[in-house]
file upload-v9.txt (compact mmCIF, N, CA and C atoms and all ligand atoms)
# COMPACT_ATOMS: atom_id res chain seq x y z
N MET A 273 109.12 96.36 76.59
CA MET A 273 109.44 95.81 77.92
C MET A 273 108.31 96.08 78.92
N ALA A 274 107.61 97.19 78.72
CA ALA A 274 106.62 97.58 79.73
C ALA A 274 105.50 96.55 79.83
N GLN A 275 105.33 96.03 81.03
CA GLN A 275 104.23 95.10 81.25
C GLN A 275 102.98 95.91 81.53
N ARG A 276 101.88 95.51 80.97
CA ARG A 276 100.66 96.28 81.13
C ARG A 276 99.66 95.62 82.06
N ARG A 277 99.95 94.38 82.43
CA ARG A 277 98.97 93.67 83.27
C ARG A 277 99.15 94.00 84.74
N ALA A 278 98.03 94.08 85.42
CA ALA A 278 98.05 94.29 86.87
C ALA A 278 98.70 93.07 87.51
N ARG A 279 99.37 93.28 88.61
CA ARG A 279 100.04 92.18 89.30
C ARG A 279 99.74 92.23 90.79
N VAL A 280 99.27 91.12 91.33
CA VAL A 280 98.96 91.06 92.76
C VAL A 280 100.18 90.49 93.49
N GLU A 281 100.42 91.01 94.69
CA GLU A 281 101.53 90.51 95.50
C GLU A 281 101.10 90.49 96.96
N VAL A 282 101.60 89.50 97.70
CA VAL A 282 101.38 89.49 99.14
C VAL A 282 102.67 89.95 99.79
N THR A 283 102.61 91.00 100.58
CA THR A 283 103.83 91.57 101.17
C THR A 283 104.29 90.72 102.35
N GLU A 284 105.46 91.09 102.91
CA GLU A 284 106.03 90.35 104.04
C GLU A 284 105.17 90.43 105.29
N THR A 285 104.26 91.40 105.35
CA THR A 285 103.35 91.48 106.50
C THR A 285 101.98 90.88 106.16
N GLY A 286 101.89 90.23 105.01
CA GLY A 286 100.67 89.49 104.66
C GLY A 286 99.58 90.32 104.03
N ILE A 287 99.92 91.51 103.56
CA ILE A 287 98.93 92.40 102.94
C ILE A 287 98.89 92.16 101.43
N ARG A 288 97.69 92.03 100.91
CA ARG A 288 97.55 91.85 99.46
C ARG A 288 97.47 93.22 98.78
N ILE A 289 98.43 93.48 97.91
CA ILE A 289 98.45 94.74 97.17
C ILE A 289 98.49 94.42 95.68
N ILE A 290 98.15 95.39 94.87
CA ILE A 290 98.13 95.16 93.43
C ILE A 290 98.79 96.34 92.71
N ARG A 291 99.62 96.00 91.74
CA ARG A 291 100.27 97.03 90.91
C ARG A 291 99.44 97.23 89.66
N LYS A 292 99.04 98.45 89.40
CA LYS A 292 98.36 98.76 88.14
C LYS A 292 98.55 100.24 87.82
N LYS A 293 98.03 100.64 86.69
CA LYS A 293 98.23 102.02 86.24
C LYS A 293 97.68 102.98 87.30
N SER A 294 98.46 104.00 87.59
CA SER A 294 98.11 104.93 88.66
C SER A 294 97.19 106.03 88.19
N ARG A 295 96.38 106.55 89.12
CA ARG A 295 95.62 107.77 88.83
C ARG A 295 96.52 108.99 88.97
N ILE A 296 97.69 108.81 89.62
CA ILE A 296 98.58 109.94 89.85
C ILE A 296 99.67 110.01 88.78
N SER A 297 100.46 108.91 88.64
CA SER A 297 101.58 108.92 87.69
C SER A 297 102.10 107.52 87.46
N GLY A 298 102.23 107.10 86.21
CA GLY A 298 102.85 105.82 85.87
C GLY A 298 102.15 104.65 86.55
N TRP A 299 102.97 103.71 87.06
CA TRP A 299 102.43 102.61 87.84
C TRP A 299 102.06 103.10 89.22
N GLY A 300 101.07 102.46 89.80
CA GLY A 300 100.72 102.73 91.19
C GLY A 300 100.50 101.44 91.92
N VAL A 301 100.33 101.54 93.23
CA VAL A 301 100.06 100.38 94.06
C VAL A 301 98.73 100.59 94.77
N TYR A 302 97.89 99.58 94.71
CA TYR A 302 96.55 99.67 95.28
C TYR A 302 96.35 98.60 96.35
N ALA A 303 95.50 98.91 97.31
CA ALA A 303 95.13 97.91 98.33
C ALA A 303 94.21 96.89 97.68
N SER A 304 94.52 95.61 97.90
CA SER A 304 93.67 94.56 97.36
C SER A 304 92.77 93.98 98.45
N GLU A 305 92.84 94.60 99.62
CA GLU A 305 92.00 94.23 100.77
C GLU A 305 92.01 95.43 101.71
N PRO A 306 91.07 95.49 102.66
CA PRO A 306 91.09 96.60 103.62
C PRO A 306 92.35 96.53 104.47
N ILE A 307 92.93 97.69 104.80
CA ILE A 307 94.14 97.75 105.62
C ILE A 307 93.87 98.68 106.80
N ASN A 308 94.14 98.19 108.01
CA ASN A 308 93.90 99.00 109.20
C ASN A 308 94.95 100.09 109.38
N LYS A 309 94.52 101.21 109.94
CA LYS A 309 95.42 102.33 110.26
C LYS A 309 96.63 101.83 111.05
N ASN A 310 97.79 102.33 110.70
CA ASN A 310 99.09 102.03 111.33
C ASN A 310 99.69 100.69 110.98
N LYS A 311 98.97 99.86 110.24
CA LYS A 311 99.51 98.56 109.83
C LYS A 311 100.73 98.77 108.94
N ARG A 312 101.78 97.99 109.20
CA ARG A 312 102.91 97.98 108.27
C ARG A 312 102.47 97.26 106.99
N ILE A 313 102.60 97.95 105.87
CA ILE A 313 102.11 97.39 104.61
C ILE A 313 103.22 96.69 103.84
N ILE A 314 104.32 97.38 103.64
CA ILE A 314 105.40 96.82 102.83
C ILE A 314 106.71 97.52 103.17
N GLU A 315 107.80 96.78 103.05
CA GLU A 315 109.12 97.38 103.27
C GLU A 315 109.61 98.01 101.97
N TYR A 316 110.16 99.23 102.07
CA TYR A 316 110.77 99.87 100.91
C TYR A 316 112.20 99.36 100.82
N THR A 317 112.42 98.39 99.97
CA THR A 317 113.74 97.79 99.85
C THR A 317 114.47 98.36 98.64
N GLY A 318 115.73 98.00 98.50
CA GLY A 318 116.56 98.47 97.41
C GLY A 318 117.99 98.55 97.88
N GLU A 319 118.89 98.73 96.94
CA GLU A 319 120.31 98.77 97.27
C GLU A 319 120.61 99.92 98.22
N LYS A 320 121.40 99.64 99.27
CA LYS A 320 121.81 100.70 100.20
C LYS A 320 123.04 101.39 99.62
N ILE A 321 122.95 102.70 99.43
CA ILE A 321 124.03 103.44 98.76
C ILE A 321 124.38 104.71 99.55
N SER A 322 125.55 105.23 99.29
CA SER A 322 126.02 106.44 99.97
C SER A 322 125.30 107.66 99.42
N CYS A 323 125.44 108.75 100.14
CA CYS A 323 124.84 110.02 99.74
C CYS A 323 125.39 110.46 98.37
N ALA A 324 126.69 110.33 98.17
CA ALA A 324 127.31 110.76 96.91
C ALA A 324 126.77 109.94 95.74
N GLU A 325 126.63 108.63 95.96
CA GLU A 325 126.11 107.76 94.90
C GLU A 325 124.64 108.08 94.64
N ALA A 326 123.88 108.36 95.69
CA ALA A 326 122.47 108.73 95.53
C ALA A 326 122.33 110.01 94.71
N ASP A 327 123.20 110.98 94.97
CA ASP A 327 123.18 112.23 94.21
C ASP A 327 123.39 111.96 92.72
N ARG A 328 124.39 111.11 92.42
CA ARG A 328 124.68 110.76 91.02
C ARG A 328 123.46 110.11 90.35
N ARG A 329 122.89 109.13 91.05
CA ARG A 329 121.77 108.39 90.45
C ARG A 329 120.51 109.25 90.33
N GLU A 330 120.23 110.05 91.37
CA GLU A 330 119.01 110.87 91.34
C GLU A 330 119.04 111.87 90.19
N THR A 331 120.21 112.42 89.90
CA THR A 331 120.34 113.36 88.78
C THR A 331 119.89 112.67 87.50
N LYS A 332 120.33 111.43 87.34
CA LYS A 332 119.97 110.63 86.16
C LYS A 332 118.47 110.28 86.16
N TYR A 333 117.98 109.85 87.30
CA TYR A 333 116.56 109.45 87.41
C TYR A 333 115.63 110.64 87.17
N GLN A 334 116.02 111.80 87.73
CA GLN A 334 115.14 112.95 87.66
C GLN A 334 114.97 113.47 86.24
N LYS A 335 115.98 113.22 85.40
CA LYS A 335 115.85 113.60 83.99
C LYS A 335 114.70 112.84 83.34
N LYS A 336 114.38 111.67 83.88
CA LYS A 336 113.26 110.87 83.37
C LYS A 336 112.00 111.08 84.21
N GLY A 337 112.06 112.07 85.09
CA GLY A 337 110.90 112.37 85.92
C GLY A 337 110.64 111.34 86.99
N GLN A 338 111.71 110.66 87.43
CA GLN A 338 111.54 109.60 88.42
C GLN A 338 112.32 109.91 89.70
N ILE A 339 111.80 109.41 90.80
CA ILE A 339 112.48 109.52 92.09
C ILE A 339 112.55 108.12 92.67
N TRP A 340 113.74 107.61 92.94
CA TRP A 340 113.87 106.25 93.46
C TRP A 340 114.61 106.18 94.79
N CYS A 341 115.43 107.18 95.10
CA CYS A 341 116.31 107.06 96.28
C CYS A 341 115.61 107.56 97.54
N PHE A 342 115.45 106.66 98.49
CA PHE A 342 114.79 106.99 99.75
C PHE A 342 115.87 107.35 100.77
N THR A 343 115.70 108.48 101.47
CA THR A 343 116.69 108.93 102.44
C THR A 343 116.56 108.15 103.75
N LEU A 344 117.64 107.45 104.15
CA LEU A 344 117.65 106.76 105.45
C LEU A 344 118.13 107.73 106.53
N ASN A 345 119.20 108.44 106.21
CA ASN A 345 119.77 109.47 107.09
C ASN A 345 120.70 110.31 106.21
N ARG A 346 121.50 111.18 106.83
CA ARG A 346 122.32 112.06 106.00
C ARG A 346 123.35 111.32 105.17
N ALA A 347 123.74 110.15 105.59
CA ALA A 347 124.82 109.42 104.91
C ALA A 347 124.34 108.34 103.95
N TRP A 348 123.16 107.77 104.20
CA TRP A 348 122.75 106.58 103.46
C TRP A 348 121.36 106.69 102.83
N PHE A 349 121.24 106.04 101.71
CA PHE A 349 119.98 106.02 100.96
C PHE A 349 119.66 104.60 100.51
N ARG A 350 118.39 104.36 100.16
CA ARG A 350 118.01 103.11 99.52
C ARG A 350 117.53 103.43 98.11
N ASP A 351 118.11 102.74 97.13
CA ASP A 351 117.70 102.92 95.74
C ASP A 351 116.67 101.84 95.39
N GLY A 352 115.42 102.23 95.37
CA GLY A 352 114.34 101.29 95.07
C GLY A 352 114.37 100.77 93.65
N ASN A 353 115.14 101.44 92.79
CA ASN A 353 115.22 101.02 91.39
C ASN A 353 116.16 99.83 91.22
N VAL A 354 116.97 99.54 92.24
CA VAL A 354 117.90 98.40 92.17
C VAL A 354 117.50 97.40 93.25
N GLY A 355 116.81 96.37 92.83
CA GLY A 355 116.40 95.31 93.75
C GLY A 355 115.28 95.71 94.68
N GLY A 356 114.52 96.73 94.30
CA GLY A 356 113.47 97.23 95.19
C GLY A 356 112.16 96.46 95.09
N SER A 357 111.38 96.52 96.16
CA SER A 357 110.06 95.89 96.19
C SER A 357 109.04 96.78 95.47
N MET A 358 107.80 96.30 95.47
CA MET A 358 106.72 97.05 94.82
C MET A 358 106.51 98.41 95.52
N ALA A 359 107.05 98.56 96.71
CA ALA A 359 106.92 99.83 97.45
C ALA A 359 107.45 101.01 96.63
N ARG A 360 108.42 100.74 95.76
CA ARG A 360 109.02 101.83 94.97
C ARG A 360 108.00 102.48 94.04
N LEU A 361 106.90 101.78 93.76
CA LEU A 361 105.90 102.29 92.82
C LEU A 361 104.79 103.08 93.50
N ILE A 362 104.85 103.17 94.84
CA ILE A 362 103.83 103.94 95.55
C ILE A 362 104.11 105.43 95.32
N ASN A 363 103.13 106.14 94.82
CA ASN A 363 103.32 107.54 94.43
C ASN A 363 103.26 108.50 95.61
N HIS A 364 103.83 109.68 95.36
CA HIS A 364 103.72 110.77 96.34
C HIS A 364 102.32 111.36 96.29
N SER A 365 101.81 111.72 97.45
CA SER A 365 100.62 112.56 97.53
C SER A 365 100.76 113.45 98.75
N CYS A 366 100.30 114.70 98.62
CA CYS A 366 100.37 115.61 99.76
C CYS A 366 99.38 115.22 100.84
N ASN A 367 98.37 114.44 100.46
CA ASN A 367 97.33 114.05 101.41
C ASN A 367 97.08 112.56 101.23
N GLY A 368 98.13 111.77 101.42
CA GLY A 368 98.05 110.33 101.15
C GLY A 368 97.43 109.53 102.28
N ASN A 369 97.42 108.21 102.11
CA ASN A 369 96.84 107.33 103.12
C ASN A 369 97.91 106.46 103.79
N CYS A 370 99.18 106.78 103.53
CA CYS A 370 100.30 106.05 104.14
C CYS A 370 101.35 107.03 104.64
N TYR A 371 102.28 106.51 105.43
CA TYR A 371 103.45 107.29 105.84
C TYR A 371 104.64 106.35 105.89
N SER A 372 105.83 106.94 105.89
CA SER A 372 107.03 106.12 105.93
C SER A 372 107.63 106.17 107.32
N GLU A 373 108.22 105.05 107.71
CA GLU A 373 108.86 104.92 109.02
C GLU A 373 110.24 104.33 108.79
N VAL A 374 111.28 105.03 109.25
CA VAL A 374 112.65 104.54 109.07
C VAL A 374 113.17 104.05 110.41
N ILE A 375 113.57 102.78 110.46
CA ILE A 375 114.16 102.20 111.66
C ILE A 375 115.55 101.72 111.28
N LYS A 376 116.58 102.48 111.70
CA LYS A 376 117.96 102.26 111.26
C LYS A 376 118.00 102.27 109.73
N ASP A 377 118.25 101.13 109.09
CA ASP A 377 118.29 101.17 107.62
C ASP A 377 117.11 100.44 106.99
N VAL A 378 116.05 100.25 107.76
CA VAL A 378 114.84 99.61 107.25
C VAL A 378 113.73 100.65 107.12
N VAL A 379 113.08 100.66 105.96
CA VAL A 379 111.99 101.61 105.72
C VAL A 379 110.68 100.85 105.60
N TRP A 380 109.71 101.21 106.41
CA TRP A 380 108.38 100.64 106.30
C TRP A 380 107.40 101.67 105.77
N ILE A 381 106.50 101.22 104.90
CA ILE A 381 105.38 102.05 104.49
C ILE A 381 104.18 101.56 105.30
N ARG A 382 103.59 102.48 106.08
CA ARG A 382 102.49 102.12 106.98
C ARG A 382 101.23 102.90 106.63
N ALA A 383 100.10 102.36 107.01
CA ALA A 383 98.82 103.02 106.74
C ALA A 383 98.62 104.18 107.71
N SER A 384 98.30 105.37 107.20
CA SER A 384 98.06 106.52 108.08
C SER A 384 96.59 106.67 108.40
N LYS A 385 95.76 105.86 107.76
CA LYS A 385 94.32 105.84 108.06
C LYS A 385 93.80 104.47 107.66
N ASN A 386 92.56 104.19 107.96
CA ASN A 386 91.98 102.93 107.48
C ASN A 386 91.80 103.02 105.97
N ILE A 387 92.30 102.01 105.27
CA ILE A 387 92.30 102.02 103.81
C ILE A 387 91.32 100.95 103.33
N THR A 388 90.51 101.32 102.34
CA THR A 388 89.54 100.36 101.82
C THR A 388 90.12 99.64 100.60
N LYS A 389 89.57 98.47 100.32
CA LYS A 389 89.99 97.70 99.15
C LYS A 389 89.83 98.56 97.89
N GLY A 390 90.86 98.58 97.04
CA GLY A 390 90.77 99.32 95.79
C GLY A 390 91.34 100.72 95.84
N GLU A 391 91.68 101.20 97.03
CA GLU A 391 92.29 102.55 97.15
C GLU A 391 93.74 102.52 96.70
N GLU A 392 94.15 103.58 95.99
CA GLU A 392 95.56 103.70 95.65
C GLU A 392 96.35 104.13 96.88
N LEU A 393 97.50 103.49 97.10
CA LEU A 393 98.36 103.86 98.22
C LEU A 393 99.23 105.05 97.83
N SER A 394 99.45 105.96 98.75
CA SER A 394 100.34 107.11 98.50
C SER A 394 100.80 107.65 99.83
N TYR A 395 101.95 108.33 99.80
CA TYR A 395 102.45 108.96 101.02
C TYR A 395 103.27 110.18 100.64
N ASP A 396 103.54 111.00 101.63
CA ASP A 396 104.30 112.23 101.41
C ASP A 396 105.79 111.88 101.38
N TYR A 397 106.45 112.14 100.25
CA TYR A 397 107.87 111.82 100.10
C TYR A 397 108.77 112.72 100.96
N ASN A 398 108.23 113.85 101.39
CA ASN A 398 109.01 114.79 102.22
C ASN A 398 110.34 115.18 101.58
N THR A 399 110.35 115.38 100.26
CA THR A 399 111.59 115.72 99.56
C THR A 399 111.83 117.22 99.54
N GLU A 400 110.86 117.99 99.98
CA GLU A 400 111.00 119.45 100.06
C GLU A 400 111.42 120.07 98.72
N GLY A 401 110.90 119.53 97.65
CA GLY A 401 111.09 120.13 96.34
C GLY A 401 112.44 119.87 95.69
N GLU A 402 113.24 118.96 96.26
CA GLU A 402 114.58 118.71 95.73
C GLU A 402 114.59 118.31 94.26
N ALA A 403 113.59 117.52 93.86
CA ALA A 403 113.56 117.05 92.47
C ALA A 403 112.98 118.10 91.52
N GLY A 404 112.36 119.12 92.09
CA GLY A 404 111.78 120.17 91.27
C GLY A 404 110.63 119.70 90.39
N MET A 405 109.98 118.61 90.78
CA MET A 405 108.88 118.08 89.99
C MET A 405 107.54 118.49 90.60
N ARG A 406 106.59 118.78 89.72
CA ARG A 406 105.29 119.20 90.20
C ARG A 406 104.52 118.00 90.74
N CYS A 407 103.89 118.18 91.88
CA CYS A 407 103.06 117.12 92.44
C CYS A 407 101.79 116.97 91.62
N ARG A 408 101.41 115.71 91.38
CA ARG A 408 100.20 115.47 90.59
C ARG A 408 99.09 114.81 91.40
N CYS A 409 99.14 115.01 92.72
CA CYS A 409 98.12 114.35 93.56
C CYS A 409 96.74 114.93 93.30
N HIS A 410 96.70 116.14 92.77
CA HIS A 410 95.45 116.84 92.53
C HIS A 410 95.73 117.80 91.38
N PRO A 411 94.78 118.02 90.46
CA PRO A 411 95.08 118.86 89.28
C PRO A 411 95.60 120.25 89.62
N THR A 412 95.20 120.79 90.75
CA THR A 412 95.63 122.16 91.08
C THR A 412 96.70 122.21 92.17
N CYS A 413 97.29 121.06 92.49
CA CYS A 413 98.32 121.04 93.53
C CYS A 413 99.55 121.80 93.04
N THR A 414 100.08 122.67 93.88
CA THR A 414 101.25 123.47 93.48
C THR A 414 102.51 123.01 94.21
N TYR A 415 102.40 121.96 95.01
CA TYR A 415 103.54 121.45 95.76
C TYR A 415 104.61 120.90 94.80
N LYS A 416 105.89 121.14 95.14
CA LYS A 416 106.99 120.59 94.35
C LYS A 416 107.60 119.40 95.08
N ILE A 417 107.75 118.30 94.36
CA ILE A 417 108.32 117.10 94.97
C ILE A 417 109.84 117.21 94.96
ZN ZN A 501 100.20 117.36 95.91
call {"tool": "encode", "arguments": {"input": "upload-v9.txt", "output": "structure tokens"}}
result
Amino acid sequence: MAQRRARVEVTETGIRIIRKKSRISGWGVYASEPINKNKRIIEYTGEKISCAEADRRETKYQKKGQIWCFTLNRAWFRDGNVGGSMARLINHSCNGNCYSEVIKDVVWIRASKNITKGEELSYDYNTEGEAGMRCRCHPTCTYKI
């Protein structure tokens, strides 16, 4: 089932991004053109689910070393694994080039600096080690995702 070919997509804000094998983990998302600091790049979409349902799903996902549920607030989450955009494939990094912005139940991934064509996109998941997974942003990173 795994597709191996890179895939280009134009996001809702008109940014060209490309999905290909990540330098960090699994699939990653790369800029296919320069992106200005603070530009909204892509919406993190996915099924809106309750906290209890997110807990159930995350337990299952984490066994496979995956994190899909984005926290909207204490009550609601978005599961990027169900109907999610390419944003779900953007990896965590402690020193990334993007940040997340939550406006009610909409999540935007925005550029935290000027990004050049070909750079892998990443942002801090701010999970505070809940998944207990080691960060792979750098070979010696000791942060827990
Ligand atoms: Zn790290």
call {"tool": "residues_near_ligand", "arguments": {"input": "upload-v9.txt", "ligand": "ligand ZN 501 (chain A)", "cutoff": "7 Å", "atoms": "only N, CA and C atoms and all ligand atoms", "output": "PyMOL selection string"}}
result
chain A and resi 364-367+406-410+413-416
call {"tool": "write_last_selection", "arguments": {"input": "upload-v9.txt", "atoms": "N, CA and C atoms", "output": "compact mmCIF listing (two decimals), in the coordinates of the input"}}
result
# COMPACT_ATOMS: atom_id res chain seq x y z
N HIS A 364 103.83 109.68 95.36
CA HIS A 364 103.72 110.77 96.34
C HIS A 364 102.32 111.36 96.29
N SER A 365 101.81 111.72 97.45
CA SER A 365 100.62 112.56 97.53
C SER A 365 100.76 113.45 98.75
N CYS A 366 100.30 114.70 98.62
CA CYS A 366 100.37 115.61 99.76
C CYS A 366 99.38 115.22 100.84
N ASN A 367 98.37 114.44 100.46
CA ASN A 367 97.33 114.05 101.41
C ASN A 367 97.08 112.56 101.23
N ARG A 406 106.59 118.78 89.72
CA ARG A 406 105.29 119.20 90.20
C ARG A 406 104.52 118.00 90.74
N CYS A 407 103.89 118.18 91.88
CA CYS A 407 103.06 117.12 92.44
C CYS A 407 101.79 116.97 91.62
N ARG A 408 101.41 115.71 91.38
CA ARG A 408 100.20 115.47 90.59
C ARG A 408 99.09 114.81 91.40
N CYS A 409 99.14 115.01 92.72
CA CYS A 409 98.12 114.35 93.56
C CYS A 409 96.74 114.93 93.30
N HIS A 410 96.70 116.14 92.77
CA HIS A 410 95.45 116.84 92.53
C HIS A 410 95.73 117.80 91.38
N CYS A 413 97.29 121.06 92.49
CA CYS A 413 98.32 121.04 93.53
C CYS A 413 99.55 121.80 93.04
N THR A 414 100.08 122.67 93.88
CA THR A 414 101.25 123.47 93.48
C THR A 414 102.51 123.01 94.21
N TYR A 415 102.40 121.96 95.01
CA TYR A 415 103.54 121.45 95.76
C TYR A 415 104.61 120.90 94.80
N LYS A 416 105.89 121.14 95.14
CA LYS A 416 106.99 120.59 94.35
C LYS A 416 107.60 119.40 95.08
call {"tool": "atom_distance", "arguments": {"input": "upload-v9.txt", "atom1": "atom CA of A:Asp351", "atom2": "atom CA of A:Ile287"}}
result
22.7 Å
call {"tool": "atom_distance", "arguments": {"input": "upload-v9.txt", "atom1": "atom CA of A:Ile307", "atom2": "atom C of A:Glu400"}}
result
29.1 Å
call {"tool": "residues_near_point", "arguments": {"input": "upload-v9.txt", "point": "(95.3, 106.4, 110.8)", "cutoff": "7 Å", "atoms": "only N, CA and C atoms", "output": "mmCIF file with N, CA and C atoms, keeping the file's coordinate frame"}}
result
data_model
loop_
_atom_site.group_PDB
_atom_site.id
_atom_site.type_symbol
_atom_site.label_atom_id
_atom_site.label_comp_id
_atom_site.auth_asym_id
_atom_site.auth_seq_id
_atom_site.Cartn_x
_atom_site.Cartn_y
_atom_site.Cartn_z
ATOM 1 N N ASN A 308 94.140 98.190 108.010
ATOM 2 C CA ASN A 308 93.900 99.000 109.200
ATOM 3 C C ASN A 308 94.950 100.090 109.380
ATOM 4 N N LYS A 309 94.520 101.210 109.940
ATOM 5 C CA LYS A 309 95.420 102.330 110.260
ATOM 6 C C LYS A 309 96.630 101.830 111.050
ATOM 7 N N ASN A 310 97.790 102.330 110.700
ATOM 8 C CA ASN A 310 99.090 102.030 111.330
ATOM 9 C C ASN A 310 99.690 100.690 110.980
ATOM 10 N N ALA A 383 100.100 102.360 107.010
ATOM 11 C CA ALA A 383 98.820 103.020 106.740
ATOM 12 C C ALA A 383 98.620 104.180 107.710
ATOM 13 N N SER A 384 98.300 105.370 107.200
ATOM 14 C CA SER A 384 98.060 106.520 108.080
ATOM 15 C C SER A 384 96.590 106.670 108.400
ATOM 16 N N LYS A 385 95.760 105.860 107.760
ATOM 17 C CA LYS A 385 94.320 105.840 108.060
ATOM 18 C C LYS A 385 93.800 104.470 107.660
ATOM 19 N N ASN A 386 92.560 104.190 107.960
ATOM 20 C CA ASN A 386 91.980 102.930 107.480
ATOM 21 C C ASN A 386 91.800 103.020 105.970
#
call {"tool": "atom_distance", "arguments": {"input": "upload-v9.txt", "atom1": "atom CA of A:Gly286", "atom2": "atom CA of A:Thr399"}}
result
28.9 Å
call {"tool": "select_by_dssp", "arguments": {"input": "upload-v9.txt", "residues": "stretch 302-370 of chain A", "states": "strand (DSSP E or B)", "output": "PDB file with N, CA and C atoms, in the coordinates of the input"}}
result
ATOM      1  N   TYR A 302      97.890  99.580  94.710  1.00  0.00           N
ATOM      2  CA  TYR A 302      96.550  99.670  95.280  1.00  0.00           C
ATOM      3  C   TYR A 302      96.350  98.600  96.350  1.00  0.00           C
ATOM      4  N   ALA A 303      95.500  98.910  97.310  1.00  0.00           N
ATOM      5  CA  ALA A 303      95.130  97.910  98.330  1.00  0.00           C
ATOM      6  C   ALA A 303      94.210  96.890  97.680  1.00  0.00           C
ATOM      7  N   ILE A 307      92.930  97.690 104.800  1.00  0.00           N
ATOM      8  CA  ILE A 307      94.140  97.750 105.620  1.00  0.00           C
ATOM      9  C   ILE A 307      93.870  98.680 106.800  1.00  0.00           C
ATOM     10  N   ARG A 312     101.780  97.990 109.200  1.00  0.00           N
ATOM     11  CA  ARG A 312     102.910  97.980 108.270  1.00  0.00           C
ATOM     12  C   ARG A 312     102.470  97.260 106.990  1.00  0.00           C
ATOM     13  N   ILE A 313     102.600  97.950 105.870  1.00  0.00           N
ATOM     14  CA  ILE A 313     102.110  97.390 104.610  1.00  0.00           C
ATOM     15  C   ILE A 313     103.220  96.690 103.840  1.00  0.00           C
ATOM     16  N   ILE A 314     104.320  97.380 103.640  1.00  0.00           N
ATOM     17  CA  ILE A 314     105.400  96.820 102.830  1.00  0.00           C
ATOM     18  C   ILE A 314     106.710  97.520 103.170  1.00  0.00           C
ATOM     19  N   GLU A 315     107.800  96.780 103.050  1.00  0.00           N
ATOM     20  CA  GLU A 315     109.120  97.380 103.270  1.00  0.00           C
ATOM     21  C   GLU A 315     109.610  98.010 101.970  1.00  0.00           C
ATOM     22  N   GLU A 319     118.890  98.730  96.940  1.00  0.00           N
ATOM     23  CA  GLU A 319     120.310  98.770  97.270  1.00  0.00           C
ATOM     24  C   GLU A 319     120.610  99.920  98.220  1.00  0.00           C
ATOM     25  N   LYS A 320     121.400  99.640  99.270  1.00  0.00           N
ATOM     26  CA  LYS A 320     121.810 100.700 100.200  1.00  0.00           C
ATOM     27  C   LYS A 320     123.040 101.390  99.620  1.00  0.00           C
ATOM     28  N   ILE A 321     122.950 102.700  99.430  1.00  0.00           N
ATOM     29  CA  ILE A 321     124.030 103.440  98.760  1.00  0.00           C
ATOM     30  C   ILE A 321     124.380 104.710  99.550  1.00  0.00           C
ATOM     31  N   SER A 322     125.550 105.230  99.290  1.00  0.00           N
ATOM     32  CA  SER A 322     126.020 106.440  99.970  1.00  0.00           C
ATOM     33  C   SER A 322     125.300 107.660  99.420  1.00  0.00           C
ATOM     34  N   CYS A 341     115.430 107.180  95.100  1.00  0.00           N
ATOM     35  CA  CYS A 341     116.310 107.060  96.280  1.00  0.00           C
ATOM     36  C   CYS A 341     115.610 107.560  97.540  1.00  0.00           C
ATOM     37  N   PHE A 342     115.450 106.660  98.490  1.00  0.00           N
ATOM     38  CA  PHE A 342     114.790 106.990  99.750  1.00  0.00           C
ATOM     39  C   PHE A 342     115.870 107.350 100.770  1.00  0.00           C
ATOM     40  N   THR A 343     115.700 108.480 101.470  1.00  0.00           N
ATOM     41  CA  THR A 343     116.690 108.930 102.440  1.00  0.00           C
ATOM     42  C   THR A 343     116.560 108.150 103.750  1.00  0.00           C
ATOM     43  N   TRP A 348     123.160 107.770 104.200  1.00  0.00           N
ATOM     44  CA  TRP A 348     122.750 106.580 103.460  1.00  0.00           C
ATOM     45  C   TRP A 348     121.360 106.690 102.830  1.00  0.00           C
ATOM     46  N   PHE A 349     121.240 106.040 101.710  1.00  0.00           N
ATOM     47  CA  PHE A 349     119.980 106.020 100.960  1.00  0.00           C
ATOM     48  C   PHE A 349     119.660 104.600 100.510  1.00  0.00           C
ATOM     49  N   ARG A 350     118.390 104.360 100.160  1.00  0.00           N
ATOM     50  CA  ARG A 350     118.010 103.110  99.520  1.00  0.00           C
ATOM     51  C   ARG A 350     117.530 103.430  98.110  1.00  0.00           C
ATOM     52  N   ASP A 351     118.110 102.740  97.130  1.00  0.00           N
ATOM     53  CA  ASP A 351     117.700 102.920  95.740  1.00  0.00           C
ATOM     54  C   ASP A 351     116.670 101.840  95.390  1.00  0.00           C
ATOM     55  N   ASN A 363     103.130 106.140  94.820  1.00  0.00           N
ATOM     56  CA  ASN A 363     103.320 107.540  94.430  1.00  0.00           C
ATOM     57  C   ASN A 363     103.260 108.500  95.610  1.00  0.00           C
ATOM     58  N   HIS A 364     103.830 109.680  95.360  1.00  0.00           N
ATOM     59  CA  HIS A 364     103.720 110.770  96.340  1.00  0.00           C
ATOM     60  C   HIS A 364     102.320 111.360  96.290  1.00  0.00           C
ATOM     61  N   CYS A 370      99.180 106.780 103.530  1.00  0.00           N
ATOM     62  CA  CYS A 370     100.300 106.050 104.140  1.00  0.00           C
ATOM     63  C   CYS A 370     101.350 107.030 104.640  1.00  0.00           C
TER      64      CYS A 370
END
call {"tool": "closest_residue", "arguments": {"input": "upload-v9.txt", "among": "A:Met405, A:Cys323, A:Ile417, A:Ile362", "to": "A:Gly337", "atoms": "only C-alpha atoms"}}
result
A:Met405
call {"tool": "closest_residue", "arguments": {"input": "upload-v9.txt", "among": "A:Pro411, A:Ser322, A:Tyr333, A:Lys292", "to": "A:Ala347", "atoms": "only N, CA and C atoms"}}
result
A:Ser322
call {"tool": "closest_residue", "arguments": {"input": "upload-v9.txt", "among": "A:Trp348, A:Tyr371, A:Trp299, A:Trp380", "to": "A:Arg312", "atoms": "only C-alpha atoms"}}
result
A:Trp380
call {"tool": "closest_residue", "arguments": {"input": "upload-v9.txt", "among": "A:Ala403, A:Val280, A:Val374, A:Leu393", "to": "A:Gly300", "atoms": "all atoms listed in the file"}}
result
A:Leu393
call {"tool": "closest_residue", "arguments": {"input": "upload-v9.txt", "among": "A:Val301, A:Ile375, A:Ile339, A:Ile381", "to": "A:Leu361", "atoms": "only C-alpha atoms"}}
result
A:Val301
call {"tool": "closest_residue", "arguments": {"input": "upload-v9.txt", "among": "A:Asn345, A:Val282, A:Asp377, A:Gly390", "to": "A:Ser304", "atoms": "all atoms listed in the file"}}
result
A:Gly390
